[in-house]
Structure formats: structure tokens, C-alpha cells
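Below is the file query-v7.cif, which contains mmCIF, C-alpha atoms.
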data_target
loop_
_atom_site.label_atom_id
_atom_site.label_comp_id
_atom_site.auth_asym_id
_atom_site.auth_seq_id
_atom_site.Cartn_x
_atom_site.Cartn_y
_atom_site.Cartn_z
CA MET H 1 140.12 109.95 100.94
CA GLN H 2 140.94 110.65 97.33
CA ASP H 3 138.55 107.84 96.44
CA ILE H 4 135.75 109.28 98.53
CA LEU H 5 136.14 112.64 96.82
CA SER H 6 136.09 111.23 93.33
CA ILE H 7 133.10 109.01 94.16
CA SER H 8 131.22 111.98 95.65
CA GLN H 9 131.98 114.04 92.60
CA GLU H 10 130.57 111.37 90.32
CA LEU H 11 127.50 110.83 92.51
CA SER H 12 126.72 114.53 92.76
CA ARG H 13 125.87 114.48 89.07
CA GLY H 14 122.72 112.64 90.12
CA LEU H 15 121.78 115.10 92.87
CA PHE H 16 119.67 117.28 90.61
CA VAL H 17 117.43 114.41 89.46
CA THR H 18 117.00 113.05 93.00
CA ILE H 19 116.18 116.43 94.51
CA SER H 20 113.95 117.63 91.70
CA ILE H 21 111.96 114.38 91.80
CA LEU H 22 111.68 114.62 95.57
CA ILE H 23 110.36 118.19 95.42
CA ALA H 24 107.98 117.63 92.52
CA SER H 25 106.61 114.34 93.79
CA SER H 26 106.15 115.57 97.33
CA LEU H 27 104.24 118.63 96.13
CA PHE H 28 102.10 116.36 93.98
CA ALA H 29 101.61 113.96 96.90
CA TYR H 30 100.59 116.78 99.28
CA PHE H 31 98.08 117.94 96.69
CA MET H 32 96.68 114.45 96.17
CA GLY H 33 96.65 113.89 99.91
CA PHE H 34 94.56 116.98 100.58
CA VAL H 35 92.20 116.48 97.65
CA SER H 36 91.52 112.82 98.27
CA GLY H 37 91.57 113.19 102.05
CA LEU H 38 88.85 115.84 101.89
CA LEU H 39 86.89 114.03 99.18
CA ARG H 40 86.90 110.99 101.44
CA LEU H 41 84.78 113.05 103.84
CA SER H 42 82.32 114.09 101.16
CA LYS H 43 78.59 113.74 101.65
CA HIS H 44 78.18 111.82 98.39
CA THR H 45 78.65 108.09 98.64
CA ILE H 46 79.93 107.76 95.07
CA ILE H 47 82.72 110.29 95.60
CA ARG H 48 83.67 108.65 98.87
CA LYS H 49 83.77 105.19 97.30
CA LEU H 50 85.80 106.31 94.28
CA THR H 51 88.35 108.08 96.45
CA GLY H 52 88.48 105.03 98.68
CA LEU H 53 89.22 102.92 95.63
CA TYR H 54 92.15 105.13 94.67
CA ILE H 55 93.50 105.07 98.20
CA GLU H 56 93.23 101.32 98.71
CA LEU H 57 94.60 100.59 95.24
CA PHE H 58 97.75 102.59 95.83
CA ARG H 59 98.20 101.63 99.46
CA GLY H 60 97.58 97.98 98.78
CA THR H 61 100.27 97.49 96.14
CA SER H 62 103.92 98.41 96.24
CA LEU H 63 105.57 101.50 94.84
CA ILE H 64 107.95 99.54 92.64
CA VAL H 65 105.05 97.69 90.99
CA GLN H 66 103.18 100.96 90.43
CA LEU H 67 106.27 102.59 88.99
CA PHE H 68 106.88 99.78 86.50
CA TRP H 69 103.18 99.55 85.72
CA LEU H 70 102.88 103.25 84.91
CA TYR H 71 106.15 103.12 83.01
CA TYR H 72 104.74 100.53 80.63
CA ALA H 73 101.05 101.32 80.86
CA ILE H 74 100.90 105.06 80.26
CA PRO H 75 102.32 104.90 76.72
CA MET H 76 100.23 101.81 75.94
CA LEU H 77 96.85 102.65 77.42
CA PHE H 78 96.72 106.27 76.41
CA GLY H 79 98.83 106.01 73.31
CA ILE H 80 100.84 108.98 74.51
CA ASN H 81 104.47 109.25 75.27
CA LEU H 82 105.01 111.63 78.14
CA GLY H 83 108.41 112.34 76.75
CA SER H 84 110.37 111.67 79.87
CA ASN H 85 110.69 109.12 82.63
CA TRP H 86 111.09 111.98 85.05
CA ILE H 87 107.36 112.70 84.90
CA ILE H 88 106.52 109.02 85.32
CA GLY H 89 108.67 108.88 88.45
CA VAL H 90 106.96 111.96 89.86
CA ILE H 91 103.48 110.62 89.07
CA ALA H 92 104.16 107.19 90.58
CA ILE H 93 105.71 108.48 93.81
CA GLY H 94 103.14 111.27 94.09
CA LEU H 95 100.13 109.01 93.61
CA ASN H 96 101.50 106.38 95.97
CA TYR H 97 102.30 108.69 98.86
CA GLY H 98 99.29 110.86 98.11
CA ALA H 99 97.18 107.85 99.04
CA TYR H 100 99.01 107.48 102.35
CA LEU H 101 98.79 111.20 103.07
CA SER H 102 95.07 111.29 102.38
CA GLU H 103 94.57 109.04 105.39
CA VAL H 104 96.62 111.48 107.45
CA VAL H 105 94.49 114.40 106.23
CA ARG H 106 91.25 112.55 106.88
CA GLY H 107 92.37 111.42 110.32
CA SER H 108 93.39 114.93 111.36
CA VAL H 109 90.20 116.56 110.10
CA GLU H 110 88.16 113.98 111.95
CA ALA H 111 90.23 114.54 115.07
CA VAL H 112 89.22 118.20 115.31
CA ASP H 113 86.77 118.49 118.16
CA GLU H 114 83.09 118.11 117.32
CA GLY H 115 82.33 121.34 119.16
CA GLN H 116 84.28 123.32 116.56
CA THR H 117 81.97 122.11 113.80
CA GLU H 118 78.93 122.83 115.92
CA ALA H 119 80.19 126.32 116.73
CA ALA H 120 80.83 127.00 113.04
CA ILE H 121 77.29 125.92 112.19
CA ALA H 122 75.91 128.03 115.03
CA LEU H 123 77.80 131.03 113.62
CA ASN H 124 76.14 130.38 110.26
CA LEU H 125 79.37 129.75 108.37
CA SER H 126 79.11 128.05 105.00
CA SER H 127 80.67 124.60 104.81
CA PHE H 128 83.56 126.06 102.81
CA GLN H 129 84.15 128.75 105.42
CA LYS H 130 83.92 126.16 108.15
CA MET H 131 86.63 124.08 106.52
CA ARG H 132 88.82 126.99 105.53
CA TYR H 133 88.72 129.06 108.72
CA ILE H 134 87.83 126.66 111.51
CA ILE H 135 88.70 123.04 110.81
CA LEU H 136 91.76 123.10 108.53
CA PRO H 137 93.88 125.56 110.55
CA GLN H 138 93.56 123.19 113.50
CA ALA H 139 93.87 120.00 111.48
CA VAL H 140 96.94 121.05 109.48
CA ARG H 141 98.94 121.43 112.65
CA MET H 142 98.19 117.87 113.61
CA MET H 143 99.20 116.64 110.16
CA LEU H 144 102.65 118.22 110.12
CA PRO H 145 104.69 115.45 111.79
CA GLU H 146 103.21 112.75 109.57
CA PHE H 147 103.80 114.88 106.48
CA GLY H 148 107.42 115.13 107.54
CA ASN H 149 107.70 111.39 108.05
CA TYR H 150 106.18 110.64 104.67
CA THR H 151 108.48 113.14 102.97
CA ILE H 152 111.43 111.14 104.32
CA GLN H 153 109.74 108.01 102.97
CA MET H 154 109.44 109.73 99.59
CA LEU H 155 113.14 110.55 99.60
CA LYS H 156 113.78 106.85 100.10
CA GLY H 157 111.33 106.12 97.32
CA THR H 158 113.15 108.33 94.82
CA ALA H 159 115.98 105.78 94.74
CA LEU H 160 113.62 103.57 92.73
CA VAL H 161 113.65 105.87 89.72
CA SER H 162 117.11 104.59 88.86
CA LEU H 163 115.26 101.42 87.84
CA ILE H 164 113.45 103.27 85.05
CA SER H 165 116.83 104.55 83.88
CA LEU H 166 116.74 108.02 85.36
CA ASN H 167 120.17 109.41 86.20
CA ASP H 168 119.81 109.86 89.93
CA ILE H 169 122.41 109.33 92.66
CA LEU H 170 121.96 105.57 92.75
CA TYR H 171 122.20 105.33 88.96
CA TYR H 172 125.65 106.93 88.91
CA GLY H 173 126.65 104.79 91.87
CA ASN H 174 125.67 101.60 90.07
CA ILE H 175 127.67 102.65 87.02
CA LEU H 176 130.72 103.33 89.19
CA ARG H 177 130.35 99.95 90.84
CA SER H 178 130.13 98.07 87.54
CA SER H 179 133.43 99.59 86.44
CA ASN H 180 135.17 99.00 89.74
CA LEU H 181 133.85 96.01 91.67
CA SER H 182 136.31 96.05 94.55
CA GLN H 183 135.29 99.61 95.42
CA ALA H 184 131.66 98.60 95.91
CA PRO H 185 131.62 98.93 99.73
CA LEU H 186 132.94 102.47 99.63
CA ILE H 187 130.64 103.47 96.75
CA TYR H 188 127.48 102.25 98.45
CA LEU H 189 128.52 103.72 101.76
CA VAL H 190 128.96 107.14 100.12
CA ILE H 191 125.56 106.76 98.42
CA LEU H 192 123.95 105.99 101.79
CA ILE H 193 125.63 109.04 103.29
CA PHE H 194 124.37 111.17 100.40
CA TYR H 195 120.80 110.09 101.10
CA PHE H 196 121.27 110.58 104.83
CA VAL H 197 122.55 114.12 104.33
CA LEU H 198 119.52 114.85 102.16
CA ALA H 199 117.29 113.38 104.86
CA LEU H 200 118.84 115.38 107.71
CA PRO H 201 116.96 118.64 107.11
CA LEU H 202 113.75 116.64 106.77
CA ILE H 203 114.47 114.84 110.05
CA PHE H 204 114.96 118.14 111.86
CA LEU H 205 111.89 119.68 110.25
CA THR H 206 109.85 116.68 111.35
CA ARG H 207 111.06 117.05 114.93
CA LYS H 208 110.21 120.73 114.80
CA ALA H 209 106.79 119.84 113.42
CA GLU H 210 106.22 117.50 116.34
CA GLU H 211 106.85 120.35 118.73
CA VAL H 212 104.54 122.67 116.83
CA SER H 213 101.75 120.14 116.73
CA LYS H 214 101.93 119.56 120.46
CA LYS H 215 102.03 123.24 121.40
CA GLY H 216 98.91 124.52 123.07
CA VAL H 217 97.06 121.24 122.79
CA ALA H 218 95.67 120.00 126.04
CA ASN H 219 96.15 116.35 126.83
CA MET I 1 103.09 98.80 70.52
CA ASN I 2 100.91 95.84 71.43
CA TYR I 3 97.62 95.90 73.26
CA TRP I 4 96.12 94.16 76.23
CA SER I 5 95.66 90.43 75.67
CA PHE I 6 93.41 88.42 77.98
CA GLU I 7 94.89 85.23 76.66
CA ARG I 8 98.32 86.22 77.92
CA PHE I 9 96.81 87.58 81.12
CA PHE I 10 95.42 84.17 82.06
CA GLU I 11 98.47 82.36 80.78
CA ALA I 12 100.73 84.39 83.05
CA TRP I 13 98.97 83.56 86.33
CA PRO I 14 100.47 80.11 87.03
CA TYR I 15 103.87 81.30 85.91
CA ILE I 16 103.92 84.31 88.24
CA LEU I 17 102.38 82.44 91.19
CA LYS I 18 105.43 80.18 91.13
CA GLY I 19 107.30 83.09 92.71
CA LEU I 20 104.78 83.67 95.49
CA HIS I 21 106.33 81.33 98.03
CA ILE I 22 109.64 83.18 97.65
CA THR I 23 108.05 86.61 98.18
CA VAL I 24 106.07 85.38 101.19
CA GLY I 25 109.05 83.39 102.47
CA VAL I 26 111.33 86.42 102.42
CA THR I 27 108.66 88.53 104.10
CA ILE I 28 108.18 86.08 106.96
CA SER I 29 111.90 85.41 107.44
CA ALA I 30 112.83 89.08 107.31
CA PHE I 31 110.04 89.91 109.73
CA LEU I 32 111.26 87.30 112.22
CA PHE I 33 114.76 88.69 111.79
CA ALA I 34 113.45 92.20 112.48
CA LEU I 35 111.43 91.05 115.51
CA ILE I 36 114.56 89.58 117.07
CA PHE I 37 116.92 92.34 116.02
CA GLY I 38 114.45 94.95 117.25
CA PHE I 39 115.15 93.78 120.78
CA VAL I 40 118.80 94.63 120.30
CA TRP I 41 117.92 98.24 119.45
CA THR I 42 115.49 98.52 122.35
CA PHE I 43 118.09 97.10 124.70
CA LEU I 44 120.85 99.39 123.40
CA ARG I 45 118.63 102.43 123.75
CA ARG I 46 117.92 101.62 127.36
CA ILE I 47 121.57 101.81 128.35
CA PRO I 48 121.63 104.76 130.74
CA GLU I 49 124.65 106.43 129.21
CA ARG I 50 124.15 109.61 127.24
CA HIS I 51 126.85 109.09 124.61
CA ILE I 52 125.90 105.52 123.82
CA ASN I 53 122.28 106.58 123.62
CA TRP I 54 123.15 109.35 121.19
CA VAL I 55 125.15 107.05 118.93
CA VAL I 56 122.49 104.35 118.91
CA THR I 57 119.75 106.87 118.14
CA TRP I 58 121.63 108.24 115.14
CA VAL I 59 122.63 104.83 113.83
CA MET I 60 118.95 103.89 113.89
CA GLU I 61 118.06 107.17 112.22
CA PHE I 62 120.66 106.49 109.52
CA ILE I 63 119.33 103.04 108.74
CA ARG I 64 115.76 104.28 108.79
CA SER I 65 116.15 107.30 106.55
CA THR I 66 118.25 105.80 103.77
CA PRO I 67 116.65 103.82 100.94
CA PRO I 68 116.24 100.08 101.53
CA LEU I 69 117.10 99.59 97.86
CA VAL I 70 120.60 100.98 98.40
CA GLN I 71 120.95 98.91 101.56
CA LEU I 72 120.07 95.79 99.58
CA PHE I 73 122.70 96.65 96.99
CA PHE I 74 125.19 97.21 99.76
CA ILE I 75 124.57 93.80 101.28
CA TYR I 76 124.42 91.97 97.96
CA TYR I 77 127.19 93.66 95.98
CA ALA I 78 129.44 95.36 98.52
CA TRP I 79 129.45 93.00 101.50
CA PRO I 80 131.42 90.23 99.69
CA GLU I 81 134.12 92.78 98.78
CA ILE I 82 134.80 93.80 102.37
CA PRO I 83 137.97 92.12 103.61
CA VAL I 84 137.84 89.58 106.47
CA VAL I 85 134.15 89.86 107.38
CA GLY I 86 132.79 89.79 103.82
CA VAL I 87 130.65 86.86 102.76
CA THR I 88 128.71 86.29 99.58
CA LEU I 89 125.02 85.97 100.34
CA SER I 90 122.32 84.55 98.07
CA PRO I 91 119.60 86.99 96.94
CA PHE I 92 117.23 85.34 99.43
CA ALA I 93 119.62 85.76 102.36
CA SER I 94 120.54 89.31 101.30
CA ALA I 95 116.89 90.28 101.20
CA VAL I 96 116.20 88.74 104.61
CA VAL I 97 119.17 90.50 106.19
CA GLY I 98 118.58 93.79 104.33
CA PHE I 99 114.87 94.15 105.07
CA GLY I 100 115.39 92.59 108.49
CA ILE I 101 117.87 95.24 109.55
CA HIS I 102 115.98 98.10 107.92
CA PHE I 103 112.69 97.26 109.63
CA SER I 104 114.27 96.25 112.93
CA THR I 105 114.86 99.95 113.58
CA TYR I 106 111.12 100.61 113.28
CA ILE I 107 110.25 97.56 115.35
CA GLY I 108 112.71 98.54 118.06
CA GLU I 109 110.83 101.82 118.40
CA ILE I 110 107.53 99.96 118.63
CA TYR I 111 108.87 97.83 121.48
CA ARG I 112 110.08 100.99 123.17
CA SER I 113 106.69 102.67 122.91
CA GLY I 114 105.09 99.52 124.30
CA ILE I 115 107.41 99.47 127.30
CA GLU I 116 106.94 103.18 127.90
CA SER I 117 103.17 102.82 127.80
CA VAL I 118 103.26 100.71 130.95
CA ASP I 119 102.17 102.89 133.83
CA ASN I 120 104.86 104.10 136.22
CA GLY I 121 102.95 102.70 139.14
CA GLN I 122 103.42 99.20 137.79
CA TRP I 123 107.19 99.55 137.94
CA GLU I 124 107.02 100.97 141.42
CA ALA I 125 104.65 98.26 142.58
CA ALA I 126 106.94 95.56 141.19
CA THR I 127 109.87 97.07 143.05
CA ALA I 128 107.83 97.48 146.22
CA LEU I 129 106.81 93.83 146.07
CA ASN I 130 110.49 92.91 145.83
CA PHE I 131 110.26 91.24 142.44
CA SER I 132 113.56 90.20 140.92
CA LEU I 133 114.59 91.97 137.73
CA LEU I 134 113.63 88.94 135.65
CA ASP I 135 110.26 88.50 137.36
CA LYS I 136 109.49 92.18 137.05
CA TRP I 137 109.88 92.01 133.28
CA ARG I 138 108.40 88.57 132.84
CA LEU I 139 105.35 88.92 135.08
CA ILE I 140 104.58 92.64 135.19
CA ILE I 141 106.01 94.73 132.36
CA LEU I 142 106.04 92.55 129.25
CA PRO I 143 102.51 91.12 129.63
CA GLN I 144 101.25 94.71 129.59
CA ALA I 145 103.73 96.12 127.09
CA PHE I 146 103.29 93.49 124.40
CA PRO I 147 99.56 93.36 123.48
CA PRO I 148 99.22 97.03 122.43
CA THR I 149 102.16 96.62 120.02
CA VAL I 150 100.57 93.75 118.10
CA PRO I 151 98.59 95.86 115.61
CA MET I 152 101.60 98.09 114.97
CA LEU I 153 103.77 95.06 114.35
CA GLY I 154 101.10 93.72 112.00
CA ASN I 155 101.12 96.96 110.04
CA TYR I 156 104.85 96.71 109.60
CA PHE I 157 104.49 93.15 108.40
CA ILE I 158 102.26 94.40 105.59
CA ILE I 159 104.55 97.34 104.81
CA MET I 160 107.46 94.94 104.62
CA PHE I 161 105.55 92.59 102.33
CA LYS I 162 105.09 95.48 99.91
CA GLU I 163 108.79 96.36 100.03
CA VAL I 164 109.98 92.83 99.25
CA PRO I 165 109.59 93.14 95.44
CA LEU I 166 112.52 95.59 95.60
CA ALA I 167 114.67 92.50 95.95
CA SER I 168 113.89 91.49 92.36
CA THR I 169 116.65 93.97 91.49
CA ILE I 170 119.21 91.68 93.12
CA GLY I 171 117.72 88.64 91.38
CA LEU I 172 115.29 87.36 93.99
CA THR I 173 112.85 85.19 92.04
CA GLY I 174 109.69 86.47 93.71
CA ILE I 175 106.50 87.41 91.89
CA LEU I 176 107.82 90.66 90.43
CA HIS I 177 110.84 88.88 88.99
CA MET I 178 108.63 86.16 87.50
CA ALA I 179 106.38 88.83 86.01
CA ASN I 180 109.33 90.62 84.46
CA SER I 181 110.72 87.47 82.94
CA PHE I 182 107.30 86.41 81.64
CA GLY I 183 106.74 89.90 80.27
CA SER I 184 110.02 90.22 78.49
CA GLU I 185 109.66 86.76 77.01
CA HIS I 186 106.23 87.41 75.53
CA PHE I 187 106.28 91.23 75.32
CA ASN I 188 103.29 91.38 77.65
CA LEU I 189 104.73 93.20 80.62
CA ILE I 190 101.60 95.12 81.40
CA GLU I 191 99.47 91.99 81.86
CA ALA I 192 102.16 90.44 84.03
CA LEU I 193 102.57 93.56 86.19
CA THR I 194 98.81 93.87 86.60
CA ILE I 195 98.76 90.35 88.00
CA VAL I 196 101.48 91.26 90.50
CA GLY I 197 99.41 94.27 91.56
CA ILE I 198 96.31 92.09 92.01
CA ILE I 199 98.25 89.56 94.09
CA PHE I 200 99.53 92.28 96.39
CA LEU I 201 96.12 93.86 96.72
CA VAL I 202 94.38 90.55 97.44
CA LEU I 203 96.88 89.64 100.12
CA SER I 204 97.48 92.98 101.79
CA TYR I 205 94.02 94.59 101.83
CA PRO I 206 92.24 91.91 103.89
CA SER I 207 95.21 91.68 106.25
CA ALA I 208 95.12 95.42 106.79
CA ARG I 209 91.40 95.19 107.56
CA LEU I 210 92.03 92.38 110.01
CA ILE I 211 94.67 94.38 111.83
CA LYS I 212 92.35 97.37 112.04
CA LYS I 213 89.72 95.16 113.69
CA LEU I 214 92.30 93.81 116.10
CA GLU I 215 93.38 97.32 116.95
CA VAL I 216 89.85 98.38 117.85
CA LYS I 217 89.41 95.25 119.94
CA LEU I 218 92.66 95.80 121.81
CA ASN I 219 91.83 99.44 122.39
CA THR I 220 88.58 98.56 124.07
CA ARG I 221 90.39 96.03 126.23
CA PHE I 222 93.42 98.00 127.24
CA ASP I 223 92.37 101.59 127.20
CA LYS I 224 88.83 101.94 128.42
CA ASN I 225 88.94 105.72 128.54
CA GLN I 226 89.85 106.19 124.92
CA VAL I 227 87.09 107.07 122.54
CA ILE I 228 87.13 104.71 119.61
CA ASP I 229 86.25 105.65 116.08
CA PRO I 230 83.62 103.31 114.78
CA VAL I 231 85.11 101.19 111.99
CA GLU I 232 83.99 102.52 108.67
#

Exercise: express the given structure as C-alpha cells:
Amino acid sequence: MQDILSISQELSRGLFVTISILIASSLFAYFMGFVSGLLRLSKHTIIRKLTGLYIELFRGTSLIVQLFWLYYAIPMLFGINLGSNWIIGVIAIGLNYGAYLSEVVRGSVEAVDEGQTEAAIALNLSSFQKMRYIILPQAVRMMLPEFGNYTIQMLKGTALVSLISLNDILYYGNILRSSNLSQAPLIYLVILIFYFVLALPLIFLTRKAEEVSKKGVAN
Amino acid sequence: MNYWSFERFFEAWPYILKGLHITVGVTISAFLFALIFGFVWTFLRRIPERHINWVVTWVMEFIRSTPPLVQLFFIYYAWPEIPVVGVTLSPFASAVVGFGIHFSTYIGEIYRSGIESVDNGQWEAATALNFSLLDKWRLIILPQAFPPTVPMLGNYFIIMFKEVPLASTIGLTGILHMANSFGSEHFNLIEALTIVGIIFLVLSYPSARLIKKLEVKLNTRFDKNQVIDPVE
């Protein structure tokens, strides 16, 4: 018991990095998801193709490869040092899951009944008004459960930032383990519980979102 | 700071490809592991006892919502330290067990959705026709439950393939590991990592397309009422 407490205390030093990366990268991913999901529906072929390229590029390769790639490539290609690995972690996770979310956004917008679009046109709404007042309010509700699921995935993804030497929960856990090998089972178990506790509110929110998205929809 | 070198880029290809059979091998083995272990979850969840059901559901939720990277570390570093049951596993075996267990929780849910998608009338008909329990499953339920799950299983195969490079952190000599060792030897990490990205893209994109096609085909066969989006 004493051990568990001292391990938790050590691990909690990494909580801030894990949580701040989760929040920042999920906001970034939601943004990317909406922007690229809507651009994917654009009338212009070039915009559609370019967005498609981004989506397939990030969905087709793994997060860990993208993280390492950005970690080495950003300073080299642009000759700039972003100053911290924190931003690189946020960019990598955000771009990766943004690509997944864009498919969710696109799918939901396309799933809104055709008649809604026709009604909006009949009412002489501009295409911005149509999106803003008719389509999106209905589509967003359908997206919620998937957004919840992907946020849990992002939480799992934040564990990777320990590999680019950010001091998150896993980083402190690994340090503890290297100084005390026989305690490894307990250390990793506590780390898993830490992540699970962080995931719990997201799990409940996702379940709630599933209820909301089903409410008032006939099928 | 050094710049992109095409010479190194081409030089790295054969070196990195030497790790491909490991990456693919782990993916296939772990997927088979998950396919089999998924049955265990599906079976456990069908036990008609509330408390068992609750425990199984949360154990699955625990495995699913914690990072596979930590689970890998647990199996590789912590498992050997556990008294009595602890065994030291190679990186390959750790990766197979780690990813296998992690993804079995998803695959168990896929099986469940497949079984639940079979119409109630089919169960009733099987009972009415006095089928034995085994025959009911073998002849009526599974032949209808299985085909719709194939595209979902395929998707998870691809997702798993993209997670496998995580195992380079426990010393699995797959393509990412080869790229890292080539890169640190020659100081050309970016070329090496680009190659890894290309390999993943080349293998996963066409497979994803294939699965999408399969999905549309299956939809037309099994659910005639559903409106199908034309493939883009």
C-alpha cells in the first residue's frame, strides 16, 4: 500500500503533461476534423483532392512514425526549432486524429437527409446559412459518439510522447522501473490505472453522447 | 544539421525492408491471437449472470481504454517479475500477446454485433425446428452472423498493422526499428523514417480500399433495404 502511494505520487508529476497534451491535441484534432471534413465536400476538385491527400497520408501511416518524423523533420525542413517537444506531440496527435475525425464529419454531413438541403435551397438560404443553421446542427449530434471514441484513442496516443522525452505519466513510470526492476508489475499496473481513471469521464461522456445522438431520430 | 540525401534514401531501402517480415509476422500472429481470444470475450459476455457480465464488461473497457504501449511494457518488463506465473517473453512474443489481447476486446465486440444482427425469428425458427444447440449455432446463426463482420475485422487488421511499430520500443526488429538503427548510424533519420511511412502507406491504403469494396458488396448481398453510398 505504501508502495502504491509512493508510485502514484511519483507518477502524478506527469499528469500535467499528459492532460495538457490531451486537451490541446484534441482541440486541434477537432478543428482539423471539421475543416478537412467540410473541405472534403467542397465543389472544387483541387481542394477535395488535396484534403483527401492529407487524410489518406495521416490515416495510412502510424502515429508513432508521424511523431518521430515530425520530431526530426520540422527542425530540418523548416530550419526552425519549435522550442519544445510539447508542441510537436500536440501537432502529431492532432494531425493524425484530425484525419480520422474528418471522415466522421464528412460521413455525418452526408448522412443528413437530402430533403433538408432541398428545403434550405427552397427557402433561399445561402450555402453558408444552409450549413450553419440546417445541416451542421443535425450532423454534429450524429458525430458526438465517434468524437468521444476518438478522444479516448487520443488519450491512449498521448502515452507515445514519452518517446520524444516529454515528462508524462509513462515517462516517470519508466524512470521508476529502471531504478527498481522488481517493482515493475506494480508500477505498470498503477500507470494503467492512471490512464483508466483519466479515460473514465470520457467513457461516460461517450455513452451520454450515444444517448443524445439517438434521441428523436426515427429508425 | 544535415539535409535530405537521395543517396542515403535509396541506400536505406534494402536495410529497412529486412524488418518487414517481422512487422507483418507480428501483425498476422497477433491478429490470429485476437481472433481466437475474441471468442472468449464474446462467450464470457453471454453468460446470463448480471455480476459476471458487469465484471467482464469493465475488464474489457479497461484493456480497451488504456494505452497499448503501456500494456506492451507491462508484458515485456513486468510479467517476468511476477512470482510463480511470470515468464520472460521475447519481443516478438510480447508484441503478439500484447496486441493480441488489446485488440481481442474490440474483436469480441465485433463478434457480438454480428451475433446480435441475426434476426430474432431465426433463433425462434431454429428452436421450433428442434435443432440441437450445436446445430443451431453451426447451421443457422454463425453462417449469418459471420459474413457481415468480415469488413470490420479487416479494418482492425489494418489498424493493428499500424500499431505494431510501437513494439520497436521493446526491441522488436521491425521496419521502424531498422529505420532507427540505420538513421542513427548514418545520421539520416528523416530519410529512413520517410521510407517507413511509404511502406505503411503502400501496404495499408490499397487494403483499406479493398475492404471498402468488400463492405459495399456484402451490404448489397445481406441488407437489400439499405441504401448504399456509391464508392467515391

(request) Given the file shown, enumerate the residues that the PyMOL selection byres ((chain I) within 8 of (chain H)) captures and present them as JSON, numbers by chain. (result) {"I": [1, 2, 3, 62, 65, 66, 67, 68, 69, 70, 71, 73, 74, 77, 78, 79, 81, 82, 162, 163, 165, 166, 176, 189, 190, 193, 194, 196, 197, 198, 200, 201, 204, 205]}

With C-alpha atoms retained, could you export that selection as a compact mmCIF listing (two decimals), in the frame of the given file?
# COMPACT_ATOMS: atom_id res chain seq x y z
CA MET I 1 103.09 98.80 70.52
CA ASN I 2 100.91 95.84 71.43
CA TYR I 3 97.62 95.90 73.26
CA PHE I 62 120.66 106.49 109.52
CA SER I 65 116.15 107.30 106.55
CA THR I 66 118.25 105.80 103.77
CA PRO I 67 116.65 103.82 100.94
CA PRO I 68 116.24 100.08 101.53
CA LEU I 69 117.10 99.59 97.86
CA VAL I 70 120.60 100.98 98.40
CA GLN I 71 120.95 98.91 101.56
CA PHE I 73 122.70 96.65 96.99
CA PHE I 74 125.19 97.21 99.76
CA TYR I 77 127.19 93.66 95.98
CA ALA I 78 129.44 95.36 98.52
CA TRP I 79 129.45 93.00 101.50
CA GLU I 81 134.12 92.78 98.78
CA ILE I 82 134.80 93.80 102.37
CA LYS I 162 105.09 95.48 99.91
CA GLU I 163 108.79 96.36 100.03
CA PRO I 165 109.59 93.14 95.44
CA LEU I 166 112.52 95.59 95.60
CA LEU I 176 107.82 90.66 90.43
CA LEU I 189 104.73 93.20 80.62
CA ILE I 190 101.60 95.12 81.40
CA LEU I 193 102.57 93.56 86.19
CA THR I 194 98.81 93.87 86.60
CA VAL I 196 101.48 91.26 90.50
CA GLY I 197 99.41 94.27 91.56
CA ILE I 198 96.31 92.09 92.01
CA PHE I 200 99.53 92.28 96.39
CA LEU I 201 96.12 93.86 96.72
CA SER I 204 97.48 92.98 101.79
CA TYR I 205 94.02 94.59 101.83

(request) Can you pull out every residue within 12 Å of His21 of chain I, counting only C-alpha atoms, but drop anything in the same chain fewer than 2 positions away, and send it as a list of chain:residue names? (result)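 Non-adjacent residues within range: I:Ile16, I:Leu17, I:Lys18, I:Gly19, I:Thr23, I:Val24, I:Gly25, I:Val26, I:Thr27, I:Ile28, I:Ser29, I:Phe92, I:Leu172, I:Thr173, I:Gly174, I:Ile175, I:Met178.
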
Save out the residues we just selected, C-alpha atoms, as a CSV table (one decimal), in the frame of the given file.
chain,number,residue,atom,x,y,z
I,16,ILE,CA,103.9,84.3,88.2
I,17,LEU,CA,102.4,82.4,91.2
I,18,LYS,CA,105.4,80.2,91.1
I,19,GLY,CA,107.3,83.1,92.7
I,23,THR,CA,108.0,86.6,98.2
I,24,VAL,CA,106.1,85.4,101.2
I,25,GLY,CA,109.0,83.4,102.5
I,26,VAL,CA,111.3,86.4,102.4
I,27,THR,CA,108.7,88.5,104.1
I,28,ILE,CA,108.2,86.1,107.0
I,29,SER,CA,111.9,85.4,107.4
I,92,PHE,CA,117.2,85.3,99.4
I,172,LEU,CA,115.3,87.4,94.0
I,173,THR,CA,112.8,85.2,92.0
I,174,GLY,CA,109.7,86.5,93.7
I,175,ILE,CA,106.5,87.4,91.9
I,178,MET,CA,108.6,86.2,87.5

(request) List, as JSON, numbers by chain, every residue that the PyMOL selection byres ((chain H and resi 144) around 12) selects in the file provided. (result) {"H": [30, 101, 104, 105, 108, 137, 138, 139, 140, 141, 142, 143, 145, 146, 147, 148, 149, 150, 151, 202, 205, 206, 207, 208, 209, 210, 211, 212, 213, 214]}

(message) One number please: atom CA of Thr149 of chain I to atom CA of Phe99 of chain I, in Å, one decimal.
(response)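 The value is 19.8 Å.
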
Expected selection from the PyMOL selection byres ((chain H and resi 18-21) around 8), given as a short mmCIF file (atom, residue, chain, number, x, y, z; two decimals) with C-alpha atoms, in the frame of the given file:
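Okay, this is what ended up in result.cif:
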data_model
loop_
_atom_site.label_atom_id
_atom_site.label_comp_id
_atom_site.auth_asym_id
_atom_site.auth_seq_id
_atom_site.Cartn_x
_atom_site.Cartn_y
_atom_site.Cartn_z
CA GLY H 14 122.72 112.64 90.12
CA LEU H 15 121.78 115.10 92.87
CA PHE H 16 119.67 117.28 90.61
CA VAL H 17 117.43 114.41 89.46
CA LEU H 22 111.68 114.62 95.57
CA ILE H 23 110.36 118.19 95.42
CA ALA H 24 107.98 117.63 92.52
CA SER H 25 106.61 114.34 93.79
CA TRP H 86 111.09 111.98 85.05
CA GLY H 89 108.67 108.88 88.45
CA VAL H 90 106.96 111.96 89.86
CA THR H 158 113.15 108.33 94.82
CA ALA H 159 115.98 105.78 94.74
CA ASP H 168 119.81 109.86 89.93
CA ILE H 169 122.41 109.33 92.66
#

(message) If I take atom CA of Phe146 of chain I and atom CA of Ser132 of chain I, how far is one from the other in Å, to one decimal?
(response)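 Distance between the two atoms: 19.7 Å.
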
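Comparing H:Ile164, H:Met131, H:Val112, H:Ala122 by their smallest distance to Ala92 of chain H, the closest is H:Ile164 (using only C-alpha atoms).
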
(message) Just to confirm, what's the straight-line distance from atom CA of Glu185 of chain I to atom CA of Phe161 of chain I in Å (one decimal)?
(response)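 These two atoms are separated by 26.3 Å.
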
(message) Ranking I:Gly98, I:Gly171, I:Gly114, I:Gly121 by minimum distance to Phe37 of chain I and counting all atoms listed in the file, which one comes first?
(response) I:Gly98

Where's the centre, and what are the edge lengths in Å to one decimal, of a box along x, y and z enclosing all listed atoms of segment 70-87 of chain I padded 6 Å per side, as JSON?
{"center_x": 129.0, "center_y": 93.9, "center_z": 101.7, "size_x": 29.9, "size_y": 26.1, "size_z": 23.4}

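In this comparison, which uses all atoms listed in the file, the residue of I:Leu89, I:Ala12, I:Leu214, I:Tyr156 approaching Ser184 of chain I most closely is I:Ala12.
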
(message) Under the rule that all atoms listed in the file are counted, which of H:Arg13, H:Ile91, H:Asn85, H:Leu125 is the nearest residue to Ser26 of chain H?
(response) H:Ile91
